[in-house]
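Visitor: Sharing entry.pdb below, PDB, C-alpha atoms:
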ATOM      1  CA  MET O   1      17.922  52.118 105.404  1.00  0.00           C
ATOM      2  CA  ALA O   2      16.503  55.676 105.540  1.00  0.00           C
ATOM      3  CA  ILE O   3      18.739  58.703 105.125  1.00  0.00           C
ATOM      4  CA  LYS O   4      16.209  61.503 105.668  1.00  0.00           C
ATOM      5  CA  VAL O   5      12.739  62.729 104.814  1.00  0.00           C
ATOM      6  CA  ASP O   6      12.977  63.605 101.123  1.00  0.00           C
ATOM      7  CA  HIS O   7       9.592  65.245 100.725  1.00  0.00           C
ATOM      8  CA  ILE O   8       5.974  65.325 101.834  1.00  0.00           C
ATOM      9  CA  GLY O   9       3.510  64.780  99.000  1.00  0.00           C
ATOM     10  CA  ILE O  10       0.333  66.855  99.109  1.00  0.00           C
ATOM     11  CA  ALA O  11      -2.530  66.077  96.748  1.00  0.00           C
ATOM     12  CA  THR O  12      -4.304  69.122  95.284  1.00  0.00           C
ATOM     13  CA  ARG O  13      -7.216  69.635  92.942  1.00  0.00           C
ATOM     14  CA  GLU O  14      -5.034  72.085  90.996  1.00  0.00           C
ATOM     15  CA  LEU O  15      -1.416  73.095  91.462  1.00  0.00           C
ATOM     16  CA  ALA O  16      -2.474  76.748  91.496  1.00  0.00           C
ATOM     17  CA  GLU O  17      -4.559  76.030  94.605  1.00  0.00           C
ATOM     18  CA  GLY O  18      -1.581  74.525  96.430  1.00  0.00           C
ATOM     19  CA  LEU O  19       0.861  77.160  95.190  1.00  0.00           C
ATOM     20  CA  ALA O  20      -1.427  79.887  96.536  1.00  0.00           C
ATOM     21  CA  VAL O  21      -0.743  78.512 100.017  1.00  0.00           C
ATOM     22  CA  TRP O  22       2.781  77.106  99.937  1.00  0.00           C
ATOM     23  CA  ARG O  23       4.427  79.660  97.625  1.00  0.00           C
ATOM     24  CA  ASP O  24       2.306  82.796  97.888  1.00  0.00           C
ATOM     25  CA  THR O  25       1.254  82.716 101.547  1.00  0.00           C
ATOM     26  CA  LEU O  26       4.111  80.783 103.177  1.00  0.00           C
ATOM     27  CA  GLY O  27       6.836  82.081 100.869  1.00  0.00           C
ATOM     28  CA  LEU O  28       8.403  78.772  99.804  1.00  0.00           C
ATOM     29  CA  LYS O  29      10.475  78.829  96.624  1.00  0.00           C
ATOM     30  CA  VAL O  30       9.409  76.607  93.717  1.00  0.00           C
ATOM     31  CA  ALA O  31      12.353  74.356  92.839  1.00  0.00           C
ATOM     32  CA  GLY O  32      10.648  73.079  89.692  1.00  0.00           C
ATOM     33  CA  THR O  33       7.533  71.717  88.055  1.00  0.00           C
ATOM     34  CA  GLU O  34       7.066  68.742  85.753  1.00  0.00           C
ATOM     35  CA  GLU O  35       4.631  66.127  84.525  1.00  0.00           C
ATOM     36  CA  VAL O  36       5.207  62.509  85.515  1.00  0.00           C
ATOM     37  CA  GLU O  37       3.081  60.832  82.864  1.00  0.00           C
ATOM     38  CA  GLU O  38       3.602  57.292  84.206  1.00  0.00           C
ATOM     39  CA  GLN O  39       2.002  58.297  87.503  1.00  0.00           C
ATOM     40  CA  GLY O  40      -0.541  60.617  85.896  1.00  0.00           C
ATOM     41  CA  VAL O  41       0.471  63.736  87.839  1.00  0.00           C
ATOM     42  CA  ARG O  42       1.762  67.244  87.434  1.00  0.00           C
ATOM     43  CA  VAL O  43       4.208  68.063  90.228  1.00  0.00           C
ATOM     44  CA  ALA O  44       5.527  71.253  91.813  1.00  0.00           C
ATOM     45  CA  MET O  45       8.463  70.857  94.206  1.00  0.00           C
ATOM     46  CA  LEU O  46       8.904  73.576  96.805  1.00  0.00           C
ATOM     47  CA  GLU O  47      12.032  73.985  98.902  1.00  0.00           C
ATOM     48  CA  LEU O  48      11.728  73.663 102.656  1.00  0.00           C
ATOM     49  CA  GLY O  49      15.156  73.471 104.272  1.00  0.00           C
ATOM     50  CA  ASP O  50      16.821  70.221 103.203  1.00  0.00           C
ATOM     51  CA  THR O  51      13.490  68.657 102.255  1.00  0.00           C
ATOM     52  CA  HIS O  52      10.635  69.548  99.910  1.00  0.00           C
ATOM     53  CA  ILE O  53       6.890  69.879  99.726  1.00  0.00           C
ATOM     54  CA  GLU O  54       5.655  68.073  96.602  1.00  0.00           C
ATOM     55  CA  LEU O  55       2.325  69.342  95.307  1.00  0.00           C
ATOM     56  CA  LEU O  56       0.491  66.795  93.148  1.00  0.00           C
ATOM     57  CA  GLU O  57      -2.225  67.529  90.599  1.00  0.00           C
ATOM     58  CA  SER O  58      -3.857  64.684  88.703  1.00  0.00           C
ATOM     59  CA  LEU O  59      -3.546  64.591  84.910  1.00  0.00           C
ATOM     60  CA  ARG O  60      -6.379  62.082  84.515  1.00  0.00           C
ATOM     61  CA  PRO O  61      -9.351  60.799  86.539  1.00  0.00           C
ATOM     62  CA  SER O  62      -7.890  57.287  86.803  1.00  0.00           C
ATOM     63  CA  SER O  63      -4.685  58.330  88.600  1.00  0.00           C
ATOM     64  CA  ALA O  64      -4.071  57.442  92.238  1.00  0.00           C
ATOM     65  CA  VAL O  65      -3.977  61.143  93.132  1.00  0.00           C
ATOM     66  CA  ALA O  66      -7.350  61.797  91.466  1.00  0.00           C
ATOM     67  CA  LYS O  67      -8.887  58.913  93.392  1.00  0.00           C
ATOM     68  CA  PHE O  68      -7.315  60.159  96.624  1.00  0.00           C
ATOM     69  CA  VAL O  69      -8.678  63.706  96.163  1.00  0.00           C
ATOM     70  CA  GLU O  70     -12.105  62.380  95.178  1.00  0.00           C
ATOM     71  CA  LYS O  71     -12.308  60.209  98.282  1.00  0.00           C
ATOM     72  CA  ARG O  72     -10.516  62.355 100.891  1.00  0.00           C
ATOM     73  CA  GLY O  73     -10.115  65.824  99.417  1.00  0.00           C
ATOM     74  CA  PRO O  74      -6.825  67.695  99.163  1.00  0.00           C
ATOM     75  CA  GLY O  75      -4.214  66.932 101.793  1.00  0.00           C
ATOM     76  CA  ILE O  76      -1.171  64.891 102.721  1.00  0.00           C
ATOM     77  CA  HIS O  77      -0.885  62.025 100.258  1.00  0.00           C
ATOM     78  CA  HIS O  78       2.438  60.451 101.248  1.00  0.00           C
ATOM     79  CA  ILE O  79       5.738  60.840 103.045  1.00  0.00           C
ATOM     80  CA  ALA O  80       8.883  60.093 101.063  1.00  0.00           C
ATOM     81  CA  ILE O  81      12.145  58.964 102.583  1.00  0.00           C
ATOM     82  CA  GLU O  82      15.442  58.951 100.781  1.00  0.00           C
ATOM     83  CA  VAL O  83      17.362  55.670 100.690  1.00  0.00           C
ATOM     84  CA  GLU O  84      20.832  54.936  99.332  1.00  0.00           C
ATOM     85  CA  ASP O  85      19.888  51.676  97.602  1.00  0.00           C
ATOM     86  CA  ILE O  86      16.209  51.330  96.730  1.00  0.00           C
ATOM     87  CA  GLN O  87      16.559  47.708  95.584  1.00  0.00           C
ATOM     88  CA  ALA O  88      18.129  46.730  98.916  1.00  0.00           C
ATOM     89  CA  ALA O  89      15.506  48.722 100.851  1.00  0.00           C
ATOM     90  CA  LEU O  90      12.665  46.966  98.998  1.00  0.00           C
ATOM     91  CA  ALA O  91      14.259  43.555  99.612  1.00  0.00           C
ATOM     92  CA  GLU O  92      14.658  44.323 103.316  1.00  0.00           C
ATOM     93  CA  LEU O  93      11.056  45.503 103.640  1.00  0.00           C
ATOM     94  CA  ARG O  94       9.792  42.451 101.718  1.00  0.00           C
ATOM     95  CA  ASN O  95      11.802  40.158 104.039  1.00  0.00           C
ATOM     96  CA  ARG O  96      10.271  41.904 107.046  1.00  0.00           C
ATOM     97  CA  GLY O  97       6.781  41.203 105.698  1.00  0.00           C
ATOM     98  CA  ALA O  98       5.889  44.661 104.417  1.00  0.00           C
ATOM     99  CA  ARG O  99       3.242  44.928 101.709  1.00  0.00           C
ATOM    100  CA  LEU O 100       4.733  46.720  98.721  1.00  0.00           C
ATOM    101  CA  VAL O 101       2.791  48.702  96.162  1.00  0.00           C
ATOM    102  CA  ASP O 102       5.825  48.551  93.864  1.00  0.00           C
ATOM    103  CA  GLU O 103       7.922  45.385  93.762  1.00  0.00           C
ATOM    104  CA  THR O 104      10.446  47.162  91.538  1.00  0.00           C
ATOM    105  CA  PRO O 105      11.355  50.846  91.375  1.00  0.00           C
ATOM    106  CA  ARG O 106      10.027  53.172  88.703  1.00  0.00           C
ATOM    107  CA  ILE O 107      10.995  56.640  87.530  1.00  0.00           C
ATOM    108  CA  GLY O 108       9.481  59.462  89.563  1.00  0.00           C
ATOM    109  CA  ALA O 109       9.718  63.243  89.655  1.00  0.00           C
ATOM    110  CA  GLY O 110      13.166  64.604  88.945  1.00  0.00           C
ATOM    111  CA  GLY O 111      14.222  61.294  87.395  1.00  0.00           C
ATOM    112  CA  CYS O 112      14.604  59.631  90.794  1.00  0.00           C
ATOM    113  CA  LEU O 113      13.907  55.966  91.352  1.00  0.00           C
ATOM    114  CA  VAL O 114      10.793  55.562  93.507  1.00  0.00           C
ATOM    115  CA  ALA O 115       8.718  52.772  95.013  1.00  0.00           C
ATOM    116  CA  PHE O 116       5.716  52.880  97.324  1.00  0.00           C
ATOM    117  CA  VAL O 117       5.004  50.849 100.451  1.00  0.00           C
ATOM    118  CA  HIS O 118       1.329  50.118 101.182  1.00  0.00           C
ATOM    119  CA  PRO O 119      -0.223  52.038 104.105  1.00  0.00           C
ATOM    120  CA  SER O 120      -1.316  48.744 105.699  1.00  0.00           C
ATOM    121  CA  SER O 121       2.365  48.112 106.468  1.00  0.00           C
ATOM    122  CA  THR O 122       3.207  51.609 107.688  1.00  0.00           C
ATOM    123  CA  ASN O 123       0.520  52.434 110.244  1.00  0.00           C
ATOM    124  CA  GLY O 124      -1.823  54.002 107.699  1.00  0.00           C
ATOM    125  CA  VAL O 125       0.715  56.208 105.904  1.00  0.00           C
ATOM    126  CA  LEU O 126       1.573  55.781 102.213  1.00  0.00           C
ATOM    127  CA  LEU O 127       5.375  55.662 102.209  1.00  0.00           C
ATOM    128  CA  GLU O 128       7.510  56.443  99.171  1.00  0.00           C
ATOM    129  CA  LEU O 129      11.117  55.337  98.937  1.00  0.00           C
ATOM    130  CA  VAL O 130      13.304  57.648  96.844  1.00  0.00           C
ATOM    131  CA  GLN O 131      16.779  57.035  95.462  1.00  0.00           C
ATOM    132  CA  HIS O 132      18.399  60.054  93.827  1.00  0.00           C
ATOM    133  CA  ARG O 133      20.578  59.328  90.818  1.00  0.00           C
TER     134      ARG O 133
END
Written as structure tokens, how would this file's structure read?

Guide:
Amino acid sequence: MAIKVDHIGIATRELAEGLAVWRDTLGLKVAGTEEVEEQGVRVAMLELGDTHIELLESLRPSSAVAKFVEKRGPGIHHIAIEVEDIQAALAELRNRGARLVDETPRIGAGGCLVAFVHPSSTNGVLLELVQHR
């Protein structure tokens, strides 16, 4: 089902705060930034070998990232794995009894199809499935 780790999502209060560490201190190159209105976030993708660090800044107080930062502070929000067929991966996880946050994929950063698996099914880690178009 999984091809590789696509990215690690890190929640920040502000992208500038995260970029100060990941770009300025650690020297990672910014691959791009965008707003994903449906998820209520502004995203900066930084290159790290064949994977990425995804910095997430909330656009509104009601977003999942805003609630995460309010409750836990900045830090690792999720791990994303790339899959070839997100529909098939969701069906397989559902059949295995996994609790899905998203029953159907939605559009994520970079126009990818994404769906989240609830942490209660993945040993406490929010898991994102990603299918590149």

Visitor: Could you check which of O:His132, O:Arg42, O:Lys67, O:Arg13 is closest to Ala80 in chain O, using only C-alpha atoms?

Guide: O:His132

Visitor: Carefully work through the PyMOL selection byres ((chain O and resi 50) around 10) for this structure and note down the residues it includes, as a PyMOL selection string.

Guide: chain O and resi 4-7+47-49+51-52

Visitor: Can you write just those residues out, C-alpha atoms, as a CSV table (one decimal), in the coordinates of the input?

Guide:
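Result went into again.csv, see below:
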chain,number,residue,atom,x,y,z
O,4,LYS,CA,16.2,61.5,105.7
O,5,VAL,CA,12.7,62.7,104.8
O,6,ASP,CA,13.0,63.6,101.1
O,7,HIS,CA,9.6,65.2,100.7
O,47,GLU,CA,12.0,74.0,98.9
O,48,LEU,CA,11.7,73.7,102.7
O,49,GLY,CA,15.2,73.5,104.3
O,51,THR,CA,13.5,68.7,102.3
O,52,HIS,CA,10.6,69.5,99.9

Visitor: Show me, as an MDAnalysis selection string, the residues that have an atom within 12 Å of Glu34 in chain O when counting all atoms listed in the file, minus same-chain residues fewer than 2 positions from it.

Guide: chainID O and resid 15 30:32 36:37 39:45 54:57 59 108:111

Visitor: From (3.1, 47.5, 102.3), in the file's coordinates, out to 8 Å: which residues are reached, counting all atoms listed in the file? Answer as a VMD selection string.

Guide: chain O and resid 98 to 101 116 to 122

Visitor: To one decimal place, how far is CA of Leu129 in chain O from CA of Thr25 in chain O in Å?

Guide: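 These atoms are spaced 29.2 Å apart.
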
Visitor: Calculate how many Å separate CA of Leu19 in chain O from CA of Arg72 in chain O, rounding to one decimal.

Guide: 19.5 Å
